[in-house]
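Input: a single structure, listed below in structure tokens.
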Amino acid sequence: MPVPGVARASARVVAITLFAGALAGCGSGERSAAVPRNQHALPPDTMTVDAAELGDYGGRFRIVETSGPRTFNAFLANDQPTNDVTNRLFIGLTEFDNFTQQTVPSLARSWEHAPDGRTWTFHLRRGACFSDGHPLTADDVLFSFAVIYDDSLHPSVQDLMKVNGQKFELSAPDSYTVVIRAAGSLAIFPTLVGAVRIMPKHVLEAAWKRGAMASSYGLATPPEQVVTSGAWKLERFEPGVRTILGPNPYWFGVDRRGRRLPYLDQLLFEIVPDQNTASLKFEAGDVDAVDNVRPEDYGLYERRAQAGNFTVYDIGPSLISNFFWFNLNRVATPSAGHRVGDPVVGAIRYAWFSNPTFRRAVSKAIDRQAIIRGPLFGYGFENWSTMTEGSREWFTPSVRGDDYDPEGARRLLAGLGFRDRDGDGVLEDAARNPVSFTLKTNGDSQIRIATSDLIRDDLAKVGIRVTLSQVDIKTLVTNFRSDFDYEALLLGLGSAVPSDPAMAGNFYRSSGATHYWNVRQRNPATEAEREIDSLFEIHADTLDAAVRHATWTRIQNLLNQQCFVVWLPSQMMKLPARNGFGNLRPVALPHRLLWNIDRVFVRRRS
Amino acid sequence: MRAFLIRRLLQAIPILLGVTALTFLLLQLAPGDVLSQFSQNPTIAAETLDSMRHRFGLDRPWYVQYLLYLRNVALRLDFGESFTRHQPVFAVIREGLGNTLLLSGAAALITWGLAIPLGAWAAARRGRRVDRLLTALASVGLAVPELLSGLLLLLIAARTGWFPVGGMHEAGWERLGWWARGVDVLRHLALPALVVGLVPLAARMRQMRAQLLDTLHQDYITAARARGLSETRVLFRHALRNALNPMITLFGLTLGALVSGSFVAEVVFSWPGLGRITMEALLAEDRYLVMGAVLMSTVVLTAGNLVADLLLAVAEPRLRDG
Amino acid sequence: MGERAPGRGGRIGSLRGVARVAAAVLGILYGVAALAPLVAPYGEASLDRARFYHPPQRLHWVDDAGHLHPRPFVYATRLAPGAEWRYVEDHSRPMPLLTWVRGERYTLVRGVSSDRHLFGVADGRANLLGTDPLGRDVLSRLLYGARVSLTVGLVGIAISFSLGLALGALAGYVGGWVDAALMRFSELLLSVPGLYLVIALRSALPASLPPSRAYLTVVAILAVIGWAALARVVRGMVKGLRRSDFVIAAEAMGASPVRVIARHILPNTLSFVIVAATIAVPGYILGEVVLSFLGVGVQEPAASWGNMLEQARSLRVLTSFPWLLAAPAAAIFVTVMAFNLVGDGLRDALDPRGVPEGEAR
């Protein structure tokens with residue numbers, strides 16, 4: 001099927017001859033028109049960004065997105081393609097180093113906190129400017145927080161910036177100091193506030209006061225009017241086709257030599273919705289990296305790496321955890337046949353699901369190695385927590401789950417009184433109900449469908465009949481957030497940035513909205529959940545690292561003993577990226593490629 | 001004639017109302033709403049979503065929302081705002097409309113430009129090698145889904161470099177001259193237009209062939225009976241009109257579908273068209289964007305059918321009582 | 001070319017050679033599909049963890065020593081060590097292909113169940129068309145998938161064509177406000193986003209419904225709104241034929257409208273309708289590929305040609321596991337080709353009798 005090199009080369013010559021004068025921008029790493037640099041003086045407080053190598057100016061980096069940004073307004077950004085762009089355009093008080101997985105200074109060059117952990121003082125860099133030269137001061141920080149706290153707008157990031165349901169109080173003693181006071185102590189405070197992106201008060205305040213913030217910095221805004229605070233500014237937007245970013249001429253980040261960053265002249269986001277097409281574009285040299293490669297394609301890329309002049313980076317364990325759980329939710333709004341307080345799945349199934357022994361038996365019956373071999377193509381690992389092995393700080397090796405033990409599973413089930421009384425291969429409970437349930441997942445993920453198929457087969461071997469159901473992702477989300485119309489549901493949980501358990505309060509707290517198996521409980525339904533709640537409070541509040549780790553270990557073990565979720569393997573990740581770029585360092589925590597794009601440069605061919 | 005047109009215009013109004021109401025209802029019946037996608041993010045509280053719902057007016061009963069929508073459209077030509085893109089619906093649709101028309105138009109050219117002659121050729125050489133080959137090729141065309149033919153063509157494009165791998169134009173396109181720009185777009189257009197036009201080409205070719213076989217067959221009998229030439233000509237003209245009759249209606253349907261576009265081809269080839277925008281809007285339940293797209297495709301559909309009816313009337317004056 | 005024999009048997013009998021072969025092929029396909037659980041060596045959902053991505057196994061007649069065996073056989077295979085899926089034949093273990101083998105239990109129709117399969121191997125597994133990512137036998141899934149895909153085509157055209165013909169003929173014949181109303185209604189149906197209807201319906205159906213039945217329901221509903229395009233074309237043709245001399249003559253002789261439509265008008269539309277049917281059938285079969293692409297097709301673990309194609313639609317499969325794509329693609333192609341040839345044959349056999357002007361018979 002592949003055309004031999006010579007034939008391809010001559011085909012290329014023909015194509016070039018035929019369309020002479022029409023070709024523009026073929027090939028990778030081509031230098032675009034050079035961007036004038038160092039036209040503006042560096043501010044007194046520069047941020048020295050450390051990188052493995054020192055680079056030269058010029059060149060461009062092209063990546064693929066499945067869809068275009070929905071807006072350039074960082075306050076309204078809710079989805080990944082939009083965040084990928086707005087997080088380059090705007091910065092926060094702090095930033096996260098995806099490689100070391102530590103918080104690093106950004107707009108704030110240092111900070112300290114009061115002993116009670118509730119008041120934090122951030123010292124901003126002096127002389128920092130927006131992309132139009134206007135000074136970036138504490139006023140802009142206060143403005144940005146005021147906007148995110150605007151209840152009529154209610155940006156989604158607002159919910160992160162609360163402790164015990166209360167907003168922070170901000171004040172600015174002077175132009176370069178911001179004091180933030182929270183209702184309680186919060187361990188991840190410095191990282192958390194970095195999620196609020198600083199946008200220009202001098203441009204947007206008038207619009208906000210008019211109530212027009214929601215339509216500001218929309219897609220139709222001319223690029224030169226989008227004033228940014230980050231290393232990049234918007235150069236060009238072609239709707240549905242691509243987004244092009246260029247360097248912010250006033251950026252305060254410099255390399256070790258004191259030269260202003262970023263090195264690259266252009267950062268391009270090509271919109272390619274289909275994964276196969278993205279792979280082919282990479283092969284053809286149109287883009288410089290592909291993210292979210294399926295495990296079965298790793299071998300394909302590795303075989304081509306030499307000829308295609310790219311490297312397949314082994315970025316290690318993914319931070320996405322996969323699991324399924326049983327529906328223990330209770331009816332909240334009465335409807336036909338359902339009284340308030342009844343279990344949604346009905347009394348029969350609830351009797352099985354609510355029994356931790358039943359859940360343990362199910363967990364023991366699952367052959368996780370087969371899932372790794374099959375759907376994950378061998379590129380997987382067993383995972384027993386929301387913090388996978390990919391989390392440097394929070395992965396706890398001592399936390400484990402049940403090994404594959406179908407015999408043990410059968411014993412546990414027999415101990416519950418389940419027996420196959422009619423010889424049809426399916427167990428029945430004491431009341432002669434056949435032990436069966438439906439496992440739901442989303443239909444557009446082949447890996448999840450294949451995994452649920454293997455689970456079905458595993459459980460059939462121990463006498464439990466599983467019916468599979470696939471629905472579109474929206475229906476699935478409605479199922480586990482609102483109407484709870486499912487019996488068991490298989491899902492994955494991505495990692496937030498930072499990858500800190502304190503960010504997952506909604507999952508661990510019994511009152512949380514994504515405490516999937518039993519959301520928004522008024523009071524913890526089980527002793528274990530009560531204990532997890534109190535441990536989590538300590539874990540989120542305290543600033544003592546040792547206490548945090550101890551409580552975190554305990555929380556994980558409690559969760560696994562109760563088997564509230566049945567853990568499934570996670571994926572080992574690989575990412576192909578073109579050679580010829582310096583400082584390129586793909587990591588497992590998103591954004592895998594762009595987290596240090598301000599330091600990436602094109603190597604000169606000597 | 002004018003009465004005919006006015007009547008059709010008036011008849012179009014209940015259609016538009018019916019389609020919009022039906023679509024609104026479908027959107028309502030589908031689980032979740034445009035904010036469901038945010039529900040997946042565990043850091044967003046339920047109260048946030050509720051307040052967003054209130055702000056967008058999604059918590060009011062559907063008929064209230066529908067009536068408000070109608071009022072805005074009728075009085076101020078305000079088609080609402082897209083929740084997911086934070087832009088007026090009109091702007092979003094305008095963004096994709098031209099690109100889709102380009103793709104659909106090129107595909108229609110391929111389809112109709114080749115279907116008529118190839119169908120005629122196959123009919124004329126019925127039973128012989130050419131006919132068998134064309135029938136086999138048509139079967140291939142009908143048996144290969146767009147998703148697959150798109151992948152295969154892109155694979156060829158990537159390996160040979162003859163065509164770009166998807167997209168509509170290269171980066172740096174704005175710096176080219178007009179001629180170079182046109183050529184660039186044409187190069188990007190070639191493969192997706194082929195994919196979109198292939199299945200209809202196979203279908204129309206077969207239908208053209210079948211229709212002509214009827215007429216040629218009749219011709220043969222008549223000629224064999226050695227009737228006068230003028231009768232043959234009358235026969236031929238009449239029979240040909242009958243042969244073209246269904247093709248004209250089908251052409252009208254093709255015209256009517258120009259704006260809907262093929263979202264499959266647009267996804268696979270990264271073509272920034274309305275089909276893809278509409279599909280994303282449908283999946284995200286971006287209410288007003290869906291309505292806007294449906295409204296426009298209904299208008300174009302009725303217009304296409306109107307054109308077909310007019311053409312039919314030209315071909316057969318006796319039809320004009322419709 | 002001269003007289004056409006009327007009557008049903010005569011029509012089939014007068015199909016030309018190629019069409020007869022194609023009709024036989026279709027008959028075999030539908031027959032095998034109906035008996036899929038018997039013909040298929042394995043169950044549709046029966047997976048084998050030791051045999052993910054197994055290539056099609058070669059049938060041998062001659063063993064290593066040069067002896068000719070009475071029955072064809074396959075060699076047992078084992079996984080070769082290494083990163084990617086590679087299997088080697090174990091020549092010490094030939095497994096002859098037996099008929100009427102005991103295998104998994106299945107139910108053919110209600111009340112009729114058995115564990116005998118048409119062919120298979122005694123112990124071990126033989127995958128003549130290879131296996132899929134979960135080690136399921138492709139041949140078996142192809143046969144089970146035929147049940148869904150072949151039925152879907154027929155159900156689809158049965159519903160949409162009967163509605164389309166009836167309503168289109170009515171609109172074209174009667175004309176006036178009936179025509180206008182029907183045509184405007186058809187335009188309304190054509191404008192409704194069909195895909196959305198499917199997604200909305202999908203979530204409304206109970207999860208306990210067997211996957212193929214759920215899909216059939218979806219197709220039936222699509223067909224009920226899918227009559228619109230055919231109705232428009234038929235209406236145009238009927239309108240044209242309405243004023244033909246032979247029709248006027250028939251009416252003058254007192255024939256009822258139904259008789260006129262059925263005996264004089266519709267037969268002249270047959271060419272178009274038959275070809276449209278042969279085009280619509282693959283449309284319904286392949287429509288499922290798009291639905292699977294969106295995640296709302298026939299549910300796992302049920303098989304259909306459409307969802308087998310969609311699962312195989314990747315570069316990896318194209319380059320490393322081509323049998324996963326080739327099997328459903330070939331099956332679909334054979335079906336489409338057969339329908340086309342049968343359609344052509346039918347068209348030839350059912351040629352409308354007489355020219356519109358003159359030879360009223």
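Chain lettering (A, B, ...) mirrors the order of the structure tokens, residue numbering begins at 1 for each chain separately, and ligand numbering begins at 1 in order of display.
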
Do you have, as JSON lines, the list of residues of segment 59-106 of chain C lying at most 10 Å from segment 42-48 of chain C, each with its nearest atom pair and that distance in Å to one decimal, counting only C-alpha atoms and ordered by chain then number?
```
{"residue": "C:Gly103", "atom": "CA", "partner": "C:Tyr42", "partner_atom": "CA", "distance": 7.3}
{"residue": "C:Glu104", "atom": "CA", "partner": "C:Tyr42", "partner_atom": "CA", "distance": 6.8}
{"residue": "C:Arg105", "atom": "CA", "partner": "C:Gly43", "partner_atom": "CA", "distance": 8.5}
{"residue": "C:Tyr106", "atom": "CA", "partner": "C:Gly43", "partner_atom": "CA", "distance": 7.8}
```

Compute the set of chain A residues within 6 Å of chain B, using only C-alpha atoms, and express it as an MDAnalysis selection string. chainID A and resid 8 22 70 156 159 240 272:274 280:281 284 475 478 514

Next, dump the selected residues to file, keeping only N, CA and C atoms, as an mmCIF file, in the first residue's frame.
```cif
data_model
loop_
_atom_site.group_PDB
_atom_site.id
_atom_site.type_symbol
_atom_site.label_atom_id
_atom_site.label_comp_id
_atom_site.auth_asym_id
_atom_site.auth_seq_id
_atom_site.Cartn_x
_atom_site.Cartn_y
_atom_site.Cartn_z
ATOM 1 N N ARG A 8 7.021 8.480 -4.948
ATOM 2 C CA ARG A 8 6.424 9.595 -4.215
ATOM 3 C C ARG A 8 7.146 10.883 -4.533
ATOM 4 N N ALA A 22 1.262 28.260 -6.681
ATOM 5 C CA ALA A 22 0.080 28.096 -5.846
ATOM 6 C C ALA A 22 0.424 27.505 -4.499
ATOM 7 N N ARG A 70 -14.332 28.487 21.157
ATOM 8 C CA ARG A 70 -15.686 29.022 21.101
ATOM 9 C C ARG A 70 -15.707 30.508 21.413
ATOM 10 N N SER A 156 -17.972 29.399 35.200
ATOM 11 C CA SER A 156 -17.838 28.128 35.906
ATOM 12 C C SER A 156 -16.678 28.126 36.881
ATOM 13 N N ASP A 159 -17.012 28.540 40.963
ATOM 14 C CA ASP A 159 -17.247 27.511 41.974
ATOM 15 C C ASP A 159 -15.950 26.974 42.572
ATOM 16 N N GLY A 240 -13.340 27.859 11.827
ATOM 17 C CA GLY A 240 -13.476 26.490 11.376
ATOM 18 C C GLY A 240 -12.207 25.920 10.777
ATOM 19 N N VAL A 272 -8.980 19.847 13.155
ATOM 20 C CA VAL A 272 -9.139 18.565 12.463
ATOM 21 C C VAL A 272 -10.010 17.673 13.348
ATOM 22 N N PRO A 273 -11.300 17.564 13.025
ATOM 23 C CA PRO A 273 -12.194 16.830 13.925
ATOM 24 C C PRO A 273 -11.948 15.319 13.963
ATOM 25 N N ASP A 274 -11.434 14.752 12.874
ATOM 26 C CA ASP A 274 -11.355 13.297 12.812
ATOM 27 C C ASP A 274 -9.955 12.807 13.173
ATOM 28 N N LEU A 280 -3.077 11.264 9.549
ATOM 29 C CA LEU A 280 -2.562 11.376 8.185
ATOM 30 C C LEU A 280 -1.918 12.738 7.948
ATOM 31 N N LYS A 281 -2.489 13.772 8.553
ATOM 32 C CA LYS A 281 -1.896 15.098 8.404
ATOM 33 C C LYS A 281 -0.496 15.135 9.009
ATOM 34 N N ALA A 284 1.800 13.448 6.708
ATOM 35 C CA ALA A 284 2.110 14.231 5.521
ATOM 36 C C ALA A 284 2.962 15.443 5.851
ATOM 37 N N THR A 475 -26.523 12.030 26.827
ATOM 38 C CA THR A 475 -27.491 11.248 27.594
ATOM 39 C C THR A 475 -26.814 10.671 28.821
ATOM 40 N N THR A 478 -26.449 13.292 31.464
ATOM 41 C CA THR A 478 -27.742 13.526 32.105
ATOM 42 C C THR A 478 -28.069 12.392 33.062
ATOM 43 N N THR A 514 -20.495 15.225 42.083
ATOM 44 C CA THR A 514 -20.009 14.108 41.282
ATOM 45 C C THR A 514 -19.515 12.980 42.174
#
```

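For segment 296-355 of chain A, a DSSP pass over the backbone yields strand (DSSP E or B) at Phe310, Thr311, Val312, Tyr313, Asp314, Ile315, Gly316, Pro317, Ser321, Asn322, Phe323, Phe324, Trp325, Phe326, Arg330, Ser335, His338 and Pro343 of chain A.
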
Save the residues we just selected, N, CA and C atoms, as a PDB file, in the first residue's frame?
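Dumped everything to result_33.pdb:
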```pdb
ATOM      1  N   PHE A 310      10.248  11.908  13.085  1.00  0.00           N
ATOM      2  CA  PHE A 310       9.629  12.298  14.337  1.00  0.00           C
ATOM      3  C   PHE A 310       9.975  11.295  15.421  1.00  0.00           C
ATOM      4  N   THR A 311       9.678  11.650  16.646  1.00  0.00           N
ATOM      5  CA  THR A 311       9.954  10.793  17.798  1.00  0.00           C
ATOM      6  C   THR A 311       8.643  10.456  18.481  1.00  0.00           C
ATOM      7  N   VAL A 312       8.497   9.206  18.872  1.00  0.00           N
ATOM      8  CA  VAL A 312       7.322   8.829  19.651  1.00  0.00           C
ATOM      9  C   VAL A 312       7.723   8.896  21.122  1.00  0.00           C
ATOM     10  N   TYR A 313       7.287   9.939  21.793  1.00  0.00           N
ATOM     11  CA  TYR A 313       7.664  10.138  23.195  1.00  0.00           C
ATOM     12  C   TYR A 313       6.856   9.211  24.089  1.00  0.00           C
ATOM     13  N   ASP A 314       7.559   8.585  25.006  1.00  0.00           N
ATOM     14  CA  ASP A 314       6.902   7.725  25.976  1.00  0.00           C
ATOM     15  C   ASP A 314       6.617   8.588  27.196  1.00  0.00           C
ATOM     16  N   ILE A 315       5.388   9.086  27.331  1.00  0.00           N
ATOM     17  CA  ILE A 315       5.140  10.040  28.407  1.00  0.00           C
ATOM     18  C   ILE A 315       4.593   9.381  29.656  1.00  0.00           C
ATOM     19  N   GLY A 316       4.523   8.075  29.655  1.00  0.00           N
ATOM     20  CA  GLY A 316       4.246   7.403  30.910  1.00  0.00           C
ATOM     21  C   GLY A 316       2.768   7.248  31.207  1.00  0.00           C
ATOM     22  N   PRO A 317       2.459   7.000  32.480  1.00  0.00           N
ATOM     23  CA  PRO A 317       1.074   6.688  32.841  1.00  0.00           C
ATOM     24  C   PRO A 317       0.156   7.889  32.667  1.00  0.00           C
ATOM     25  N   SER A 321      -8.284   8.225  35.219  1.00  0.00           N
ATOM     26  CA  SER A 321      -8.633   6.973  35.881  1.00  0.00           C
ATOM     27  C   SER A 321      -9.964   6.483  35.333  1.00  0.00           C
ATOM     28  N   ASN A 322     -10.074   5.186  35.172  1.00  0.00           N
ATOM     29  CA  ASN A 322     -11.292   4.577  34.635  1.00  0.00           C
ATOM     30  C   ASN A 322     -11.929   3.680  35.686  1.00  0.00           C
ATOM     31  N   PHE A 323     -13.236   3.697  35.724  1.00  0.00           N
ATOM     32  CA  PHE A 323     -13.919   2.885  36.729  1.00  0.00           C
ATOM     33  C   PHE A 323     -15.382   2.748  36.358  1.00  0.00           C
ATOM     34  N   PHE A 324     -16.065   1.853  37.052  1.00  0.00           N
ATOM     35  CA  PHE A 324     -17.524   1.864  36.970  1.00  0.00           C
ATOM     36  C   PHE A 324     -18.082   1.726  38.378  1.00  0.00           C
ATOM     37  N   TRP A 325     -19.307   2.097  38.509  1.00  0.00           N
ATOM     38  CA  TRP A 325     -19.913   2.073  39.851  1.00  0.00           C
ATOM     39  C   TRP A 325     -21.377   1.663  39.753  1.00  0.00           C
ATOM     40  N   PHE A 326     -21.915   1.310  40.923  1.00  0.00           N
ATOM     41  CA  PHE A 326     -23.321   0.920  41.002  1.00  0.00           C
ATOM     42  C   PHE A 326     -24.152   2.078  41.535  1.00  0.00           C
ATOM     43  N   ARG A 330     -30.879   7.757  45.580  1.00  0.00           N
ATOM     44  CA  ARG A 330     -32.276   7.629  45.972  1.00  0.00           C
ATOM     45  C   ARG A 330     -33.114   8.654  45.242  1.00  0.00           C
ATOM     46  N   SER A 335     -42.250  10.314  41.266  1.00  0.00           N
ATOM     47  CA  SER A 335     -42.841  10.106  39.936  1.00  0.00           C
ATOM     48  C   SER A 335     -43.607   8.797  39.986  1.00  0.00           C
ATOM     49  N   HIS A 338     -42.482   5.719  41.988  1.00  0.00           N
ATOM     50  CA  HIS A 338     -41.295   5.991  42.787  1.00  0.00           C
ATOM     51  C   HIS A 338     -41.636   6.982  43.874  1.00  0.00           C
ATOM     52  N   PRO A 343     -34.744   3.717  46.556  1.00  0.00           N
ATOM     53  CA  PRO A 343     -33.571   3.644  45.678  1.00  0.00           C
ATOM     54  C   PRO A 343     -34.008   3.658  44.224  1.00  0.00           C
TER      55      PRO A 343
END
```

Interface residues on chain A facing chain C, 10 Å, only C-alpha atoms, written as a ChimeraX atom specification: /A:1-2,275-277,279-280,294,296-301,370-371,373-375,377-379,437-440,442-446,449-454,456-457,467-473,475-476,485-486

Starting from chain B, keep only residues with some atom at most 8 Å from an atom of chain C, counting only C-alpha atoms, and report them as JSON, numbers by chain. {"B": [11, 12, 15, 16, 18, 19, 22, 23, 26, 29, 30, 31, 135, 136, 139, 140, 142, 143, 144, 145, 147, 148, 151, 203, 206, 207, 210, 211, 214, 217, 218, 221, 235, 242, 245, 246, 249, 250, 253, 264, 282, 294, 297, 298, 301, 302, 312, 316, 318, 319, 321, 322]}

Put those residues in a file: C-alpha atoms, as a compact mmCIF listing (two decimals), in the first residue's frame.
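Below you can see out-v7.txt, which holds the result:
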```txt
# COMPACT_ATOMS: atom_id res chain seq x y z
CA GLN B 11 -47.83 27.54 1.39
CA ALA B 12 -44.25 27.75 2.57
CA ILE B 15 -44.06 24.46 6.55
CA LEU B 16 -41.60 26.78 8.24
CA GLY B 18 -44.26 23.25 11.39
CA VAL B 19 -40.58 22.46 11.01
CA LEU B 22 -41.20 20.14 15.50
CA THR B 23 -37.48 20.80 15.91
CA LEU B 26 -37.42 17.38 19.51
CA LEU B 29 -37.58 15.82 24.27
CA ALA B 30 -33.93 14.94 23.93
CA PRO B 31 -32.32 14.37 27.30
CA THR B 135 -22.95 -1.26 -13.29
CA ALA B 136 -20.14 -2.84 -11.29
CA SER B 139 -22.34 -1.00 -7.15
CA VAL B 140 -18.97 -0.14 -5.68
CA LEU B 142 -23.20 2.53 -3.59
CA ALA B 143 -21.51 0.01 -1.32
CA VAL B 144 -18.77 2.21 0.06
CA PRO B 145 -19.82 4.54 2.86
CA LEU B 147 -16.67 7.49 6.05
CA LEU B 148 -14.64 4.78 4.40
CA LEU B 151 -10.41 7.61 4.76
CA ALA B 203 -27.43 6.37 -7.89
CA ARG B 206 -28.27 3.96 -12.57
CA GLN B 207 -31.54 5.81 -12.61
CA ALA B 210 -33.01 2.73 -16.33
CA GLN B 211 -35.07 5.64 -17.57
CA ASP B 214 -37.36 2.43 -21.29
CA HIS B 217 -36.45 0.17 -25.95
CA GLN B 218 -39.59 1.77 -27.23
CA ILE B 221 -39.81 -1.44 -31.34
CA LEU B 235 -42.23 9.27 -29.65
CA ASN B 242 -40.90 10.98 -19.34
CA ASN B 245 -39.31 13.68 -15.39
CA PRO B 246 -37.98 11.88 -12.31
CA THR B 249 -37.49 16.14 -9.47
CA LEU B 250 -34.32 14.55 -8.16
CA LEU B 253 -34.01 17.69 -4.28
CA VAL B 264 -19.55 13.28 7.39
CA LEU B 282 -27.37 19.26 17.38
CA VAL B 294 -33.06 24.05 10.13
CA SER B 297 -32.31 24.36 5.02
CA THR B 298 -36.11 24.34 4.94
CA LEU B 301 -35.43 22.86 0.27
CA THR B 302 -38.76 24.46 -0.60
CA LEU B 312 -41.26 20.15 -14.89
CA GLU B 316 -44.47 19.36 -19.75
CA ARG B 318 -49.71 20.07 -19.00
CA LEU B 319 -48.32 19.98 -15.49
CA ASP B 321 -52.06 23.28 -12.99
CA GLY B 322 -50.14 22.34 -9.82
```

May I have the residues within 8 Å of segment 232-239 of chain A as a ChimeraX atom specification, using only C-alpha atoms and disregarding those fewer than 2 positions away in the same chain? /A:68,88-90,131,219,223-224,226-230,241-248,251,262 /B:95,272

Would you save the residues of that selection, restricted to C-alpha atoms, as a PDB file, in the first residue's frame?
```
ATOM      1  CA  GLY A  68     -12.057  25.570  17.188  1.00  0.00           C
ATOM      2  CA  ARG A  88      -1.810  30.768  26.104  1.00  0.00           C
ATOM      3  CA  LEU A  89      -3.324  34.228  25.777  1.00  0.00           C
ATOM      4  CA  PHE A  90      -3.940  34.937  29.444  1.00  0.00           C
ATOM      5  CA  SER A 131      -0.007  43.145  24.787  1.00  0.00           C
ATOM      6  CA  LEU A 219     -14.812  35.080  17.859  1.00  0.00           C
ATOM      7  CA  PRO A 223      -7.299  40.070  16.538  1.00  0.00           C
ATOM      8  CA  GLU A 224      -5.590  43.365  17.307  1.00  0.00           C
ATOM      9  CA  VAL A 226      -7.859  41.123  21.831  1.00  0.00           C
ATOM     10  CA  VAL A 227      -5.500  42.493  24.473  1.00  0.00           C
ATOM     11  CA  THR A 228      -3.746  39.662  26.272  1.00  0.00           C
ATOM     12  CA  SER A 229      -1.749  39.197  29.453  1.00  0.00           C
ATOM     13  CA  GLY A 230       0.113  36.033  28.510  1.00  0.00           C
ATOM     14  CA  VAL A 241      -9.987  26.246   9.907  1.00  0.00           C
ATOM     15  CA  ARG A 242      -7.236  27.407  12.238  1.00  0.00           C
ATOM     16  CA  THR A 243      -6.195  29.782  14.979  1.00  0.00           C
ATOM     17  CA  ILE A 244      -2.804  31.469  14.812  1.00  0.00           C
ATOM     18  CA  LEU A 245      -1.073  32.977  17.816  1.00  0.00           C
ATOM     19  CA  GLY A 246       1.992  35.190  17.779  1.00  0.00           C
ATOM     20  CA  PRO A 247       4.338  36.394  20.517  1.00  0.00           C
ATOM     21  CA  ASN A 248       3.241  39.110  22.931  1.00  0.00           C
ATOM     22  CA  TRP A 251       5.776  39.576  27.682  1.00  0.00           C
ATOM     23  CA  PRO A 262       8.589  32.990  23.409  1.00  0.00           C
TER      24      PRO A 262
ATOM     25  CA  GLU B  95     -19.398  31.574   8.460  1.00  0.00           C
ATOM     26  CA  PRO B 272     -15.315  24.196   7.721  1.00  0.00           C
TER      27      PRO B 272
END
```
